[in-house]
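Below is one structure; the comments refer to it alone.
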Amino acid sequence: KFVSGGEGEQNNLSWSIVIGGGNGELWMQEIHPSYIPSANDDVDDDVRASIASTMPIFKENSIQQIMPSHDGPILSLASRAGGILVSAGQGGVLCVTQLWPTPKALYGLGGYKVWIGNVCIDSEGKRLLADGRDDVVVVHDFFSKEEEENVED
């Protein structure tokens, strides 16, 4: 899963890849900034590919474990801009983690009695959807009361 983050080197957006394992662990590694075009970038894609072919994809020494780990295999990952990651484990817990500037667990949503199939975040980043192996979709709504009153139908 690719995750966008905060400001990286030279005030460019930072991107990372996150993977989840069968042992419940999550790991993140930052992608080298040369692979990420910026808004002010006028480098031709062919030139970028030529430069990038001689360098590693990932930044050195940027791999880190995301804590806490899940109790069982990771089944699904979802992310949204700003470095928010949602992970779902076989143990029946959704974890919402802020990845930048340093990984920090925000929420642990438990109580899923059957394996979680998939998780996704809506386009506004305000609702988290999860489906289980029991054909039920659960929606977690993170709108504030004021925001909810201003939502147009």
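Chain identifiers are assigned as A, B, and so on, following the order in which chains appear in the structure tokens; residues are numbered from 1 within each chain, and ligands are numbered from 1 in order of appearance.
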Next on the checklist: as JSON, numbers by chain, please: the residues near stretch 60-64 of chain A (cut-off 12 Å, only C-alpha atoms, same-chain neighbours under 5 positions excluded).
Outcome noted: {"A": [14, 15, 16, 17, 18, 19, 25, 26, 27, 28, 29, 30, 31, 32, 33, 55, 99, 102, 103]}
Next on the checklist: Could you list, as a PyMOL selection string, every residue within 12 Å of A:Val138, counting only C-alpha atoms and ignoring same-chain residues fewer than 5 positions away?
Outcome noted: chain A and resi 94+109-112+116-121+127-133
Next on the checklist: Taking only stretch 21-145 of chain A into account, list the residues labelled strand (DSSP E or B) by DSSP (computed from the backbone), as an NGL selection string.
Outcome noted: :A and (26-31 or 58 or 64-66 or 74-80 or 84-89 or 94-98 or 104-109 or 116-121 or 127-132 or 137-141)
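Take atom CA of A:Gly72 and atom CA of A:Gly22: the distance between them is 6.7 Å.
For the atom pair formed by atom CA of A:Gly20 and atom CA of A:Phe143, the distance is 28.0 Å, given to one decimal.
Of the listed residues A:Gln98, A:Ile66, A:Phe142, A:Trp115, the one whose atoms come nearest to A:Ala81 is A:Gln98, with distances taken using only C-alpha atoms.
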Checklist entry - Got a sec to tell me which of stretch 56-151 of chain A DSSP assigns to helix (DSSP H, G or I), as a ChimeraX atom specification? => result /A:145-150
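One distance worth recording is that between atom CA of A:Gly108 and atom CA of A:Cys95, which is 4.6 Å.
With only C-alpha atoms as the basis for measurement, A:His70 is the residue among A:His70, A:Lys126, A:Pro101, A:Tyr107 that approaches A:Gly89 most closely.
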